[in-house]
Structures are given as C-alpha cells and as structure tokens.
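Engineer: Sending over a structure as structure tokens; questions will come in a sec.
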Amino acid sequence: MKKKPKLAVWKFASCDGCQLSLLDCEDELLAVVGEINVANFPEASRAVVKGPYDVSLVEGSITTPHDAERIHEVRRASKFLITIGACATAGGIQALRNFKDVKEFVSIVYAKPSYIDTLNKSTPISDHVPVDFELRGCPINKYQLLEVISAFLNGRKPNTPTHSVCTECKRREIVCVMVAHRTPCLGPITQVGCGAICPAYHRGCYGCFGPKETPNTSSLSDRWAALGVATRDIVRGLRTFNAYADTFRKESETCESEEKVSR
Amino acid sequence: MKKSSGTKTIKVNYLARVEGEGALYLKIKDRKVRDVKLKIFEPPRFFEAFLRGRDFREAPDITARICGICPIAYELGASYAMEDICGVKVEGPLRSLRRLIYDGEWIESHVLHMFMLHAPDFLGYQDVIQMAKDHPALVQDALRMKKIGNRIMVLLGGREIHPINLKVGGFYKVPNKHEVRALTGDLEWGRDAIIRAMKALAKFPFPDFEYDYEFIAMRHPEEYAIIEGKLVSNKGIDIPLREYDNYLIEEHVPHSTALQTVVKGRASCHVGPLARYNLNFHQLSPIAKKVAREIGLGPVCRNPFKSLLVRGVETLYAFDEALTIVKSYEEPDRPAVEVKPRAGTGYGCTEAPRGICYHRYTIDDSGTILDAKIVSPTAVNQKMIENDLWNFVTPNVDLPQEELQWKCEQAIRNYDPCISCSAHFLKLELDRE
C-alpha cells in the first residue's frame with residue numbers, strides 16, 4: 001500500500017479562521033483524511049506524528065522573537081511550505097502596528113507592558129523563510145485550499161487565478177458598484193478568490209485577498225478621490241487586512257505624504 | 001509514577017482541540033495541588049490599540065478578525081456599541097435577521113466543539129477522524145448540522161468566516177423571502193438530528209464534578225438572550241451594560257497575554273452555555289426544555305463536563321428559533337438603518353457561543369474611534385478554568401499520569417476555550433512532588 005502523505009498545520013499570530021476552513025469542508029473532510037495523514041493539526045487532534053511533513057500549511061504572521069525562531073523549525077521539517085491567509089502572506093491586520101510605535105500599542109492594551117515580548121513589526125512568513133506557495137484571503141477560500149493541497153500532493157501547479165475581482169464581477173454579471181452606485185471599491189486592484197461576494201452584496205470590495213498581479217493603485221486612489229473620498233479614508237481603505245502587502249503599503253504611504261503636503 | 005511524596009510534573013506543551021495557543025502548568029507536591037497556571041502564549045495583536053483612529057463603521061469588519069470561529073460575536077457587539085453611541089435602534093425583520101445569523105454561528109460553533117473537539121475525550125479518541133471510523137453516522141450527522149449552521153452564515157453573511165454583509169445599522173443587502181424560506185427543510189432535519197445525537201451523547205461517562213459557580217450571562221425580558229440585554233448573575237449582579245467596568249475587572253498576570261477577569265471584590269466567574277442555561281432556562285423554547293429533561297438535565301446544571309449536553313440543548317434551541325424566524329420572515333423595506341456619528345461612549349455585548357463578549361467604544365463627532373475595550377469570553381473564563389483544574393485534580397490526584405493529563409485537558413475543553421480570541425491561550429505541564 002502506498003504511504004499516505006503527511007500534512008501539518010502550524011499557527012502563528014492569527015484568528016484561527018483559515019485553519020478552520022479545513023474543518024469547514026464538511027462535504028470533503030472525510031474524503032480528504034482518507035487520502036492524507038493529518039500528522040500535526042493541534043486544533044483538531046491530540047495525536048502528533050513526528051516530521052518531516054510532505055505539506056505544511058502555515059497560518060499567521062511573525063510577531064514575537066520566539067515565533068521568528070520557530071518558523072525555521074517548521075521550514076526544516078517541511079517538504080512544501082504553503083502559507084494560508086492574509087496574516088501569513090502579508091502580515092495581517094496586526095501589521096497595522098508597522099505604521100506606528102509598538103511600545104505605545106503595548107501600553108494601551110496591557111497594564112504591565114514588561115510582561116509582553118513582541119516584535120516591532122508583524123511580518124509575513126516569506127520575510128523569514130522560503131515559501132513554496134502563498135494562498136491569499138482573509139479568510140482563505142476553502143475550495144482554493146483543497147485545490148492547493150491536491151495540486152501539491154499530485155505534483156502540479158495550483159490553479160488559483162491572480163486577476164482582479166472586477167473580472168469575477170463581470171463573469172457573475174454583477175453590476176459594478178463603483179460605476180452604478182458611486183460606492184468606493186477595491187475590486188480593480190484586489191486579487192480574485194472570494195467570488196466577488198462584496199459587490200454581490202451591494203458593498204465595495206475591501207481588499208481581503210490583497211493586491212492582484214500588477215495593480216494600478218494610484219489610478220484607484222485617484223478614482224476614489226473623484227468619488228469624494230477623503231484622503232484619510234483612502235489610506236484607511238488600503239490599510240486593513242493586507243495593509244503591509246507591498247503595493248497596498250506603498251500607495252497608502254504615498255496618499256499619506258500627499259495629505260501632509262497639501263496641509 | 002509514585003503515590004508517595006516527590007514532585008510530579010504533567011506537561012502539555014501545546015494544548016490540542018482548542019482554538020489558539022496555550023499550555024498548562026500543574027504542580028503537585030505530597031499529593032496536593034500546589035500550583036495551576038493556564039499559560040496563554042497566543043501572540044498579542046493589539047486590536048484595542050489600532051482601532052484608535054479608525055472610522056466607527058470599520059469596527060465590525062476589523063474586530064471580526066479577533067476570532068475566525070465566532071466573528072458574528074464581534075461584528076454584532078461592535079455594531080450594537082456604535083448604535084448605542086449614535087442613538088439608533090435596529091428592530092423588526094432586521095433584528096430577526098441578526099438573531100438568525102447568530103443562530104447560524106451557535107449551530108456551527110457548538111457542533112464543531114461538541115462533536116469534533118469535545119466528544120472524542122469522552123470516548124477516548126485522539127480526534128474526530130479516529131472517532132468517525134467507529135461512529136460514522138454520528139460524525140456524518142454532525143458535519144451536516146455544522147454545514148446547515150454555515151449555510152445560514154453564507155446566506156445572510158456572504159461567507160462562513162468573517163461574513164461581509166453585516167454593518168453598523170443592519171445589513172448591506174437583505175435576502176428575499178424565498179431564499180430564507182428555502183432554509184426550512186434543512187433546519188427541520190437539523191432539529192431532529194440534534195435530538196437524536198443528544199440521546200447518544202447523554203450516555204457518555206461524565207466525571208462526577210460540580211462547583212458552586214458565579215454564572216454571568218445576559219438577560220432579556222422577552223427571549224433567551226443572545227444579542228441584547230442586561231447582565232445578571234446568580235450571586236447578585238443585575239446591571240445594565242454601561243455598568244460592566246464597575247463590576248468586572250481585568251488583571252494582567254505574567255503567564256498570559258490575555259487579561260484575566262474577576263468579579264470586583266469576589267473571585268472568578270463562569271460565562272458560556274452553562275451560565276446561560278442556569279440563568280435563563282425558563283426562556284428556552286418548549287422543545288429545548290423537554291429534550292433537556294428527557295436526557296436527564298434539570299433546570300440547574302453545575303457539572304462543567306455536562307456543558308457538552310447543554311451545548312446540545314442550545315443547538316436545538318438555535319435550530320428551533322431559526323425555524324420560527326424563517327417561517328415568519330418578511331423582507332424589510334431597507335437593508336439598514338442610517339447611522340450618523342455623534343461624539344460619545346457606547347456599549348455592546350452579545351452571547352458568543354463561549355459566553356459574553358463585551359465591547360466599549362468612544363468616538364468623536366466625525367465618527368473616529370478614540371478608545372476601544374473588548375473582552376472575550378475566554379478571557380473571562382480563564383481564571384475559572386484554573387480554579388476548576390485546582391478543584392478537579394485534588395480528588396483525582398492518584399490517577400495515572402497519562403489519564404490525569406487527558407482529564408485535565410478535557411476539563412479545559414469544557415469551556416470551548418478560544419485562545420485566539422482571548423489574547424489576547426494552552427500547554428500542560430504537571431509537576432508532582
């Protein structure tokens with residue numbers, strides 16, 4: 001009998017939502033565990049099988065000195081390392097600290113800051129170790145997760161498109177919220193994967209899958225400004241769950257400095 | 001392992017089948033418990049800090065990211081707090097839709113915990129995957145119930161995790177009558193399935209353990225409180241939300257990145273299904289009360305291990321209430337109430353699957369958040385979990401190491417701890433002397 005490939009799930013700073021996506025595959029879960037050996041998945045099991053692992057799914061960002069060490073152990077124990085979600089791929093919502101002074105943050109939340117050991121920045125996994133594939137989303141799409149696991153176990157490239165949410169809107173025949181209702185939308189610069197749910201629910205995309213391939217971010221902020229969105233709100237819009245993703249970060253910094261100049 | 005003197009250590013370095021990261025340290029000397037520490041090493045994420053300077057309308061989406069298991073608790077808690085500040089009430093069908101999506105989250109979260117995280121402990125399995133080999137029908141039914149909870153989340157929220165359709169004032173888009181009525185068949189199946197499953201769960205071996213807890217839950221005059229109400233306890237608390245900070249205070253201890261809650265002038269308290277059940281039993285629906293009695297639960301239950309059954313009662317209640325809402329739903333004429341910012345401080349609290357989840361915000365006239373305080377249910381339960389372990393281990397001190405360790409883990413899982421939420425959680429070390 002062929003040996004089942006070993007899957008491990010690792011958590012860093014995160015909300016647990018992306019690994020929950022695996023347990024949310026209600027129809028597929030029993031089939032998946034029939035094909036693979038879930039060797040290390042503490043959220044679901046007490047049993048731990050020693051590494052090395054064929055595929056490691058890494059959730060969360062690096063925010064503590066201890067985690068910055070631990071990720072290297074995970075890398076050494078993994079044949080393929082796949083980051084799942086906006087935290088692991090771009091630093092997550094907790095990367096909002098990267099734009100501020102973390103010491104001030106600690107003192108706002110904790111009465112005794114000396115108990116807290118934290119890094120100045122929340123950084124994606126790829127800043128620390130080589131990553132074989134990055135799966136986007138806050139949270140990830142569970143069907144994309146199944147596709148990626150299946151692709152790696154079968155030695156092929158995952159089929160996860162990198163075009164914009166706009167393309168998906170057109171395909172689903174969703175009326176453009178920005179054109180029809182003047183609703184500010186990040187769809188033109190955001191990677192698809194969610195199924196364009198926000199526009200389908202009559203709201204603007206808020207960028208939870210992060211930047212698409214080669215996004216024209218400055219054109220997007222110009223368009224938002226033309227809709228009457230204040231610069232500080234454009235900065236807020238770009239600084240949510242993928243705030244520290246390169247292109248979103250640069251554009252928000254540009255907007256912020258222009259605002260300072262215009263004052 | 002020796003029964004005589006000598007220091008003994010049980011170490012669980014990374015607690016499994018809980019959401020998030022935590023550990024437990026237990027020291028036993030001369031067959032007496034000397035120290036219990038629930039260590040939370042979930043990295044701090046500073047939500048309360050980076051909410052400052054954000055727009056009040058952003059709070060539901062941002063705070064949802066505190067927890068992927070119970071995002072509705074955060075989205076709605078934040079929304080209610082902002083509506084409190086701005087003097088807005090969300091009523092009628094929009095309020096019913098809020099109850100309905102919360103029923104969905106209760107079903108999805110309770111079923112996940114009961115069958116996939118907690119039940120394996122009672123039957124001696126490492127996980128649900130092993131349990132499924134011997135109990136395939138139970139697990140398949142559980143997966144289908146969980147999926148129905150998620151189906152509600154998807155219809156009303158757009159997706160299961162971090163739903164996108166909730167906002168301060170209501171929803172971006174409301175479903176039509178036909179889409180909502182279409183849930184009926186699934187909900188009826190779910191209501192029957194949870195009753196079947198509870199009869200199986202009621203035969204599990206429950207450790208003989210009770211404690212005279214101070215239970216805290218919300219209470220509403222007309223319903224089993226989930227989204228709105230005052231705070232009550234069985235030891236005298238009866239207060240509006242704005243009094244929360246005068247009664248429940250947070251302490252910062254070195255072994256935890258979560259702040260521990262205690263009742264001012266008293267001790268730790270217990271929130272969650274057991275608290276709600278004991279305080280508001282009379283408001284459960286007739287079928288939920290009937291099935292509770294049939295499986296041997298009275299109106300008072302102080303055995304935390306039986307929280308498994310109480311979650312079943314609440315799951316049944318959620319299916320039942322969802323059916324009532326679905327059958328009478330009429331589409332509202334607008335998806336949300338308009339909310340204009342005004343300066344002030346407001347409060348929101350909802351019953352997350354794990355217990356009360358408290359929000360307090362201060363905003364200025366332009367709607368910018370000046371201050372935020374969020375207390376997750378696991379942060380409140382944290383000290384009570386340590387207390388339970390202390391009391392549970394004492395009479396069980398002579399159990400073999402592996403068995404005692406597993407039972408301690410099970411005692412922690414009684415609370416369905418969500419450590420990601422709390423740090424703002426788990427590893428077990430047991431020192432025996």
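Ordering of the structure tokens sets the chain letters (A, B, ...), residue numbers begin anew at 1 in every chain, and ligands are numbered from 1 in the order given.
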Excluding same-chain residues fewer than 4 positions from segment 358-368 of chain B, what lies within 10 Å of it counting only C-alpha atoms, as a PyMOL selection string?
Structural biologist: chain B and resi 48+51-59+63+73-74+76-82+84-86+241-242+244-245+340-352+372-377
Engineer: Applying 12 Å and only C-alpha atoms, which residues near Tyr125 of chain B remain after dropping the ones on its own chain fewer than 3 positions away? List them as a PyMOL selection string.
Structural biologist: (chain A and resi 44-47) or (chain B and resi 17+115-122+128-135+406+410)
Engineer: Once you have the residues from the selection above, write them out as an mmCIF file, in the first residue's frame, restricted to N, CA and C atoms.
Structural biologist:
```
data_model
loop_
_atom_site.group_PDB
_atom_site.id
_atom_site.type_symbol
_atom_site.label_atom_id
_atom_site.label_comp_id
_atom_site.auth_asym_id
_atom_site.auth_seq_id
_atom_site.Cartn_x
_atom_site.Cartn_y
_atom_site.Cartn_z
ATOM 1 N N ALA A 44 -7.398 20.249 15.802
ATOM 2 C CA ALA A 44 -8.333 19.151 15.588
ATOM 3 C C ALA A 44 -7.956 17.870 16.308
ATOM 4 N N SER A 45 -6.696 17.707 16.704
ATOM 5 C CA SER A 45 -6.278 16.410 17.233
ATOM 6 C C SER A 45 -5.183 16.507 18.279
ATOM 7 N N ARG A 46 -5.253 15.574 19.274
ATOM 8 C CA ARG A 46 -4.201 15.450 20.280
ATOM 9 C C ARG A 46 -2.997 14.716 19.711
ATOM 10 N N ALA A 47 -3.263 13.855 18.699
ATOM 11 C CA ALA A 47 -2.208 12.989 18.170
ATOM 12 C C ALA A 47 -1.224 13.808 17.354
ATOM 13 N N ARG B 17 -7.050 20.572 20.343
ATOM 14 C CA ARG B 17 -8.500 20.711 20.210
ATOM 15 C C ARG B 17 -9.054 21.912 20.983
ATOM 16 N N PHE B 115 -18.842 17.826 18.775
ATOM 17 C CA PHE B 115 -18.561 16.553 18.116
ATOM 18 C C PHE B 115 -17.104 16.414 17.663
ATOM 19 N N MET B 116 -16.492 17.510 17.270
ATOM 20 C CA MET B 116 -15.161 17.393 16.690
ATOM 21 C C MET B 116 -14.054 17.652 17.715
ATOM 22 N N LEU B 117 -14.351 18.440 18.748
ATOM 23 C CA LEU B 117 -13.297 18.775 19.705
ATOM 24 C C LEU B 117 -13.497 18.115 21.073
ATOM 25 N N HIS B 118 -14.754 18.052 21.556
ATOM 26 C CA HIS B 118 -15.010 17.608 22.930
ATOM 27 C C HIS B 118 -15.398 16.131 23.026
ATOM 28 N N ALA B 119 -16.316 15.666 22.170
ATOM 29 C CA ALA B 119 -16.807 14.280 22.242
ATOM 30 C C ALA B 119 -15.675 13.240 22.210
ATOM 31 N N PRO B 120 -14.615 13.432 21.392
ATOM 32 C CA PRO B 120 -13.552 12.413 21.386
ATOM 33 C C PRO B 120 -12.963 12.152 22.779
ATOM 34 N N ASP B 121 -12.945 13.168 23.659
ATOM 35 C CA ASP B 121 -12.433 12.980 25.022
ATOM 36 C C ASP B 121 -13.237 11.939 25.793
ATOM 37 N N PHE B 122 -14.555 12.013 25.666
ATOM 38 C CA PHE B 122 -15.435 11.141 26.436
ATOM 39 C C PHE B 122 -15.303 9.689 25.977
ATOM 40 N N VAL B 128 -11.558 13.499 16.019
ATOM 41 C CA VAL B 128 -12.820 13.126 15.366
ATOM 42 C C VAL B 128 -12.586 12.175 14.190
ATOM 43 N N ILE B 129 -11.393 12.247 13.611
ATOM 44 C CA ILE B 129 -11.108 11.379 12.462
ATOM 45 C C ILE B 129 -11.110 9.917 12.906
ATOM 46 N N GLN B 130 -10.462 9.673 14.082
ATOM 47 C CA GLN B 130 -10.498 8.314 14.641
ATOM 48 C C GLN B 130 -11.907 7.944 15.092
ATOM 49 N N MET B 131 -12.606 8.928 15.682
ATOM 50 C CA MET B 131 -13.953 8.660 16.166
ATOM 51 C C MET B 131 -14.889 8.293 15.012
ATOM 52 N N ALA B 132 -14.656 8.915 13.868
ATOM 53 C CA ALA B 132 -15.520 8.688 12.700
ATOM 54 C C ALA B 132 -15.461 7.249 12.210
ATOM 55 N N LYS B 133 -14.320 6.575 12.443
ATOM 56 C CA LYS B 133 -14.193 5.181 11.992
ATOM 57 C C LYS B 133 -15.162 4.272 12.733
ATOM 58 N N ASP B 134 -15.387 4.550 14.034
ATOM 59 C CA ASP B 134 -16.267 3.707 14.849
ATOM 60 C C ASP B 134 -17.690 4.255 14.957
ATOM 61 N N HIS B 135 -17.829 5.535 14.732
ATOM 62 C CA HIS B 135 -19.155 6.158 14.863
ATOM 63 C C HIS B 135 -19.471 6.994 13.629
ATOM 64 N N TRP B 406 -4.950 13.749 30.441
ATOM 65 C CA TRP B 406 -6.043 13.816 29.470
ATOM 66 C C TRP B 406 -7.286 14.424 30.107
ATOM 67 N N GLN B 410 -9.436 17.657 29.098
ATOM 68 C CA GLN B 410 -10.892 17.598 28.901
ATOM 69 C C GLN B 410 -11.586 18.680 29.724
#
```
Engineer: Using only C-alpha atoms and a distance of at most 8 Å, pull out the residues of chain A that contact chain B, as a ChimeraX atom specification.
Structural biologist: /A:11-18,20-21,24,26-27,30,33,42-47,63-64,93-94,96-97,105-106,108-112,115-116,118,138-139,197-198,201-203,236,240
Engineer: Please produce a file of those selected residues containing N, CA and C atoms, as a compact mmCIF listing (two decimals), in the first residue's frame.
Structural biologist:
```txt
# COMPACT_ATOMS: atom_id res chain seq x y z
N LYS A 11 0.34 27.28 13.49
CA LYS A 11 -0.29 28.56 13.77
C LYS A 11 0.70 29.57 14.33
N PHE A 12 0.67 30.76 13.79
CA PHE A 12 1.41 31.90 14.36
C PHE A 12 0.36 32.95 14.73
N ALA A 13 0.68 34.27 14.67
CA ALA A 13 -0.31 35.26 15.11
C ALA A 13 -1.47 35.32 14.11
N SER A 14 -2.67 34.97 14.56
CA SER A 14 -3.81 34.83 13.66
C SER A 14 -5.09 34.65 14.45
N CYS A 15 -6.21 34.55 13.71
CA CYS A 15 -7.51 34.37 14.36
C CYS A 15 -8.02 32.94 14.30
N ASP A 16 -7.26 31.99 13.71
CA ASP A 16 -7.66 30.58 13.57
C ASP A 16 -8.65 30.34 12.42
N GLY A 17 -9.11 31.40 11.79
CA GLY A 17 -10.15 31.26 10.78
C GLY A 17 -9.71 30.46 9.56
N CYS A 18 -8.45 30.64 9.14
CA CYS A 18 -8.00 29.96 7.91
C CYS A 18 -7.87 28.46 8.12
N LEU A 20 -9.57 26.87 10.29
CA LEU A 20 -10.96 26.42 10.45
C LEU A 20 -11.58 26.09 9.09
N SER A 21 -11.08 26.76 8.04
CA SER A 21 -11.58 26.49 6.69
C SER A 21 -11.47 25.02 6.34
N ASP A 24 -14.19 23.36 7.92
CA ASP A 24 -15.44 23.80 7.29
C ASP A 24 -15.71 23.07 5.97
N GLU A 26 -17.15 20.49 5.14
CA GLU A 26 -17.97 19.42 5.71
C GLU A 26 -18.17 18.26 4.74
N ASP A 27 -18.34 18.56 3.46
CA ASP A 27 -18.61 17.51 2.49
C ASP A 27 -17.35 16.75 2.10
N LEU A 30 -14.04 14.05 5.26
CA LEU A 30 -13.78 12.62 5.47
C LEU A 30 -13.03 12.03 4.27
N VAL A 33 -9.27 13.21 4.65
CA VAL A 33 -8.49 12.47 5.63
C VAL A 33 -8.34 11.00 5.25
N PRO A 42 -3.04 20.58 15.74
CA PRO A 42 -3.47 20.66 17.14
C PRO A 42 -4.90 21.13 17.33
N GLU A 43 -5.39 22.01 16.45
CA GLU A 43 -6.76 22.48 16.65
C GLU A 43 -7.76 21.32 16.55
N ALA A 44 -7.40 20.25 15.80
CA ALA A 44 -8.33 19.15 15.59
C ALA A 44 -7.96 17.87 16.31
N SER A 45 -6.70 17.71 16.70
CA SER A 45 -6.28 16.41 17.23
C SER A 45 -5.18 16.51 18.28
N ARG A 46 -5.25 15.57 19.27
CA ARG A 46 -4.20 15.45 20.28
C ARG A 46 -3.00 14.72 19.71
N ALA A 47 -3.26 13.85 18.70
CA ALA A 47 -2.21 12.99 18.17
C ALA A 47 -1.22 13.81 17.35
N THR A 63 5.34 37.74 14.87
CA THR A 63 5.25 38.94 15.70
C THR A 63 6.06 38.85 16.99
N THR A 64 6.64 37.67 17.29
CA THR A 64 7.43 37.55 18.52
C THR A 64 8.80 36.93 18.21
N ILE A 93 -3.98 41.92 9.82
CA ILE A 93 -4.47 43.15 10.43
C ILE A 93 -3.51 43.64 11.51
N GLN A 94 -2.81 42.69 12.17
CA GLN A 94 -1.88 43.09 13.24
C GLN A 94 -0.67 43.84 12.69
N LEU A 96 -0.88 46.52 11.26
CA LEU A 96 -1.15 47.95 11.42
C LEU A 96 -0.15 48.58 12.39
N ARG A 97 0.44 47.74 13.27
CA ARG A 97 1.47 48.25 14.18
C ARG A 97 2.69 48.75 13.40
N PHE A 105 1.44 50.86 21.58
CA PHE A 105 0.36 49.87 21.46
C PHE A 105 0.31 48.98 22.70
N VAL A 106 1.49 48.51 23.14
CA VAL A 106 1.55 47.62 24.30
C VAL A 106 0.97 48.32 25.53
N ILE A 108 -1.19 50.72 25.62
CA ILE A 108 -2.63 50.96 25.52
C ILE A 108 -3.40 49.73 25.99
N VAL A 109 -2.93 48.52 25.63
CA VAL A 109 -3.69 47.30 25.89
C VAL A 109 -3.35 46.66 27.23
N TYR A 110 -2.07 46.70 27.62
CA TYR A 110 -1.66 45.93 28.79
C TYR A 110 -1.21 46.82 29.94
N ALA A 111 -1.68 46.46 31.16
CA ALA A 111 -1.34 47.23 32.35
C ALA A 111 0.14 47.12 32.68
N LYS A 112 0.73 45.94 32.42
CA LYS A 112 2.15 45.73 32.75
C LYS A 112 2.93 45.38 31.50
N TYR A 115 5.56 42.48 30.82
CA TYR A 115 5.24 41.06 30.63
C TYR A 115 5.18 40.68 29.14
N ILE A 116 5.09 41.69 28.28
CA ILE A 116 4.82 41.41 26.87
C ILE A 116 6.11 41.42 26.04
N THR A 118 7.23 41.32 22.33
CA THR A 118 6.71 41.39 20.97
C THR A 118 7.68 42.12 20.06
N CYS A 138 -8.64 36.70 3.53
CA CYS A 138 -8.91 36.93 4.94
C CYS A 138 -10.39 36.77 5.18
N PRO A 139 -10.84 35.52 5.24
CA PRO A 139 -10.11 34.25 5.28
C PRO A 139 -9.88 33.70 3.87
N ILE A 197 -17.87 38.46 -3.54
CA ILE A 197 -19.05 38.50 -2.68
C ILE A 197 -19.47 39.90 -2.26
N CYS A 198 -18.50 40.78 -2.00
CA CYS A 198 -18.92 42.12 -1.53
C CYS A 198 -19.77 42.84 -2.56
N TYR A 201 -23.15 41.60 -2.69
CA TYR A 201 -23.98 42.03 -1.56
C TYR A 201 -24.08 43.56 -1.50
N HIS A 202 -23.87 44.20 -2.63
CA HIS A 202 -24.06 45.66 -2.74
C HIS A 202 -23.10 46.48 -1.91
N ARG A 203 -21.88 45.96 -1.64
CA ARG A 203 -20.90 46.80 -0.98
C ARG A 203 -19.60 46.78 -1.79
N ARG A 236 -7.20 54.61 5.03
CA ARG A 236 -7.87 53.57 5.84
C ARG A 236 -8.27 52.38 4.98
N THR A 240 -6.05 47.67 5.76
CA THR A 240 -6.84 46.77 6.60
C THR A 240 -6.07 45.44 6.73
```
Engineer: Grab the atom CA of Lys264 of chain B to atom CA of Arg302 of chain B distance for me, in Å with one decimal place.
Structural biologist: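 Rounded to one decimal, the two atoms are 22.3 Å apart.
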Engineer: I'd like the neighbourhood of Lys250 of chain A as a PyMOL selection string, where a residue qualifies if any of its atoms comes within 12 Å (using only C-alpha atoms), though same-chain residues fewer than 3 positions away should be ignored.
Structural biologist: chain A and resi 99+211+215-218+221+235+238-239+242-247+253-257
Engineer: Would you mind exporting the chosen residues as a PDB file, in the first residue's frame, restricted to N, CA and C atoms?
Structural biologist:
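Writing done, so here's out-v2.pdb:
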```pdb
ATOM      1  N   PHE A  99       2.985  50.650  11.107  1.00  0.00           N
ATOM      2  CA  PHE A  99       2.910  52.061  10.766  1.00  0.00           C
ATOM      3  C   PHE A  99       2.984  52.947  12.013  1.00  0.00           C
ATOM      4  N   PRO A 211      -3.376  42.512  -2.980  1.00  0.00           N
ATOM      5  CA  PRO A 211      -3.217  43.054  -4.326  1.00  0.00           C
ATOM      6  C   PRO A 211      -3.195  41.979  -5.421  1.00  0.00           C
ATOM      7  N   PRO A 215      -1.096  45.693  -9.838  1.00  0.00           N
ATOM      8  CA  PRO A 215      -2.250  46.573  -9.639  1.00  0.00           C
ATOM      9  C   PRO A 215      -1.901  48.038  -9.915  1.00  0.00           C
ATOM     10  N   ASN A 216      -2.832  48.757 -10.508  1.00  0.00           N
ATOM     11  CA  ASN A 216      -2.622  50.197 -10.721  1.00  0.00           C
ATOM     12  C   ASN A 216      -3.232  50.936  -9.529  1.00  0.00           C
ATOM     13  N   THR A 217      -2.479  50.981  -8.461  1.00  0.00           N
ATOM     14  CA  THR A 217      -3.031  51.508  -7.202  1.00  0.00           C
ATOM     15  C   THR A 217      -3.251  53.015  -7.229  1.00  0.00           C
ATOM     16  N   SER A 218      -2.356  53.752  -7.929  1.00  0.00           N
ATOM     17  CA  SER A 218      -2.520  55.207  -7.914  1.00  0.00           C
ATOM     18  C   SER A 218      -3.763  55.614  -8.691  1.00  0.00           C
ATOM     19  N   SER A 221      -6.695  55.136  -6.337  1.00  0.00           N
ATOM     20  CA  SER A 221      -6.915  56.170  -5.316  1.00  0.00           C
ATOM     21  C   SER A 221      -7.383  57.475  -5.957  1.00  0.00           C
ATOM     22  N   VAL A 235      -6.561  56.094   2.726  1.00  0.00           N
ATOM     23  CA  VAL A 235      -5.491  55.423   3.494  1.00  0.00           C
ATOM     24  C   VAL A 235      -6.087  54.308   4.352  1.00  0.00           C
ATOM     25  N   LEU A 238      -6.958  51.249   2.246  1.00  0.00           N
ATOM     26  CA  LEU A 238      -5.812  50.433   1.826  1.00  0.00           C
ATOM     27  C   LEU A 238      -5.160  49.728   3.016  1.00  0.00           C
ATOM     28  N   ARG A 239      -5.416  50.252   4.219  1.00  0.00           N
ATOM     29  CA  ARG A 239      -4.766  49.686   5.406  1.00  0.00           C
ATOM     30  C   ARG A 239      -5.725  48.872   6.248  1.00  0.00           C
ATOM     31  N   ASN A 242      -4.555  43.530   4.551  1.00  0.00           N
ATOM     32  CA  ASN A 242      -3.346  43.364   3.743  1.00  0.00           C
ATOM     33  C   ASN A 242      -2.551  44.668   3.705  1.00  0.00           C
ATOM     34  N   ALA A 243      -2.638  45.435   4.776  1.00  0.00           N
ATOM     35  CA  ALA A 243      -2.015  46.759   4.826  1.00  0.00           C
ATOM     36  C   ALA A 243      -0.533  46.729   4.479  1.00  0.00           C
ATOM     37  N   TYR A 244       0.173  45.625   4.856  1.00  0.00           N
ATOM     38  CA  TYR A 244       1.623  45.577   4.687  1.00  0.00           C
ATOM     39  C   TYR A 244       2.031  44.864   3.394  1.00  0.00           C
ATOM     40  N   ALA A 245       1.059  44.473   2.579  1.00  0.00           N
ATOM     41  CA  ALA A 245       1.382  43.943   1.241  1.00  0.00           C
ATOM     42  C   ALA A 245       2.009  45.097   0.466  1.00  0.00           C
ATOM     43  N   ASP A 246       3.119  44.809  -0.244  1.00  0.00           N
ATOM     44  CA  ASP A 246       3.937  45.857  -0.832  1.00  0.00           C
ATOM     45  C   ASP A 246       3.176  46.977  -1.540  1.00  0.00           C
ATOM     46  N   THR A 247       2.353  46.638  -2.526  1.00  0.00           N
ATOM     47  CA  THR A 247       1.715  47.672  -3.349  1.00  0.00           C
ATOM     48  C   THR A 247       0.662  48.465  -2.570  1.00  0.00           C
ATOM     49  N   GLU A 253       1.116  54.944   1.792  1.00  0.00           N
ATOM     50  CA  GLU A 253       2.147  55.883   2.244  1.00  0.00           C
ATOM     51  C   GLU A 253       2.218  57.106   1.339  1.00  0.00           C
ATOM     52  N   THR A 254       2.055  56.873   0.029  1.00  0.00           N
ATOM     53  CA  THR A 254       2.028  57.989  -0.917  1.00  0.00           C
ATOM     54  C   THR A 254       0.865  58.926  -0.599  1.00  0.00           C
ATOM     55  N   CYS A 255      -0.323  58.340  -0.413  1.00  0.00           N
ATOM     56  CA  CYS A 255      -1.505  59.156  -0.105  1.00  0.00           C
ATOM     57  C   CYS A 255      -1.293  59.950   1.172  1.00  0.00           C
ATOM     58  N   GLU A 256      -0.697  59.285   2.171  1.00  0.00           N
ATOM     59  CA  GLU A 256      -0.495  59.925   3.458  1.00  0.00           C
ATOM     60  C   GLU A 256       0.454  61.113   3.336  1.00  0.00           C
ATOM     61  N   SER A 257       1.543  60.944   2.549  1.00  0.00           N
ATOM     62  CA  SER A 257       2.503  62.049   2.424  1.00  0.00           C
ATOM     63  C   SER A 257       1.902  63.185   1.605  1.00  0.00           C
TER      64      SER A 257
END
```
Engineer: Identify, on the basis of only C-alpha atoms, every residue whose closest approach to Asn414 of chain B does not exceed 12 Å; exclude the query and any residue fewer than 4 positions from it along the same chain; express the result as a PyMOL selection string.
Structural biologist: chain B and resi 17-18+110+113-114+117-119+121-122+206-207+209+270-274+302-311+354+378+381-382+384-385+388-389+407-410+418
Engineer: Would you compute the distance between atom CA of Leu201 of chain B and atom CA of Ser268 of chain B? Give it in Å to one decimal.
Structural biologist: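 Atom CA of Ser268 of chain B lies 29.1 Å from atom CA of Leu201 of chain B.
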Engineer: Residues of segment 21-79 of chain B in strand (DSSP E or B) according to DSSP, as a ChimeraX atom specification?
Structural biologist: /B:22-29,32-40,55
Engineer: So how many Å separate atom CA of Glu243 of chain B and atom CA of Gly229 of chain B, to one decimal?
Structural biologist: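 About the pair atom CA of Glu243 of chain B and atom CA of Gly229 of chain B: they are 12.7 Å apart.
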Engineer: Name all residues at most 7 Å from Tyr224 of chain B (count only C-alpha atoms; drop same-chain ones fewer than 5 positions away) and give them as a list in words.
Structural biologist: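 Listed by chain and then number, they are Asn280, Gln283 and Leu284 of chain B.
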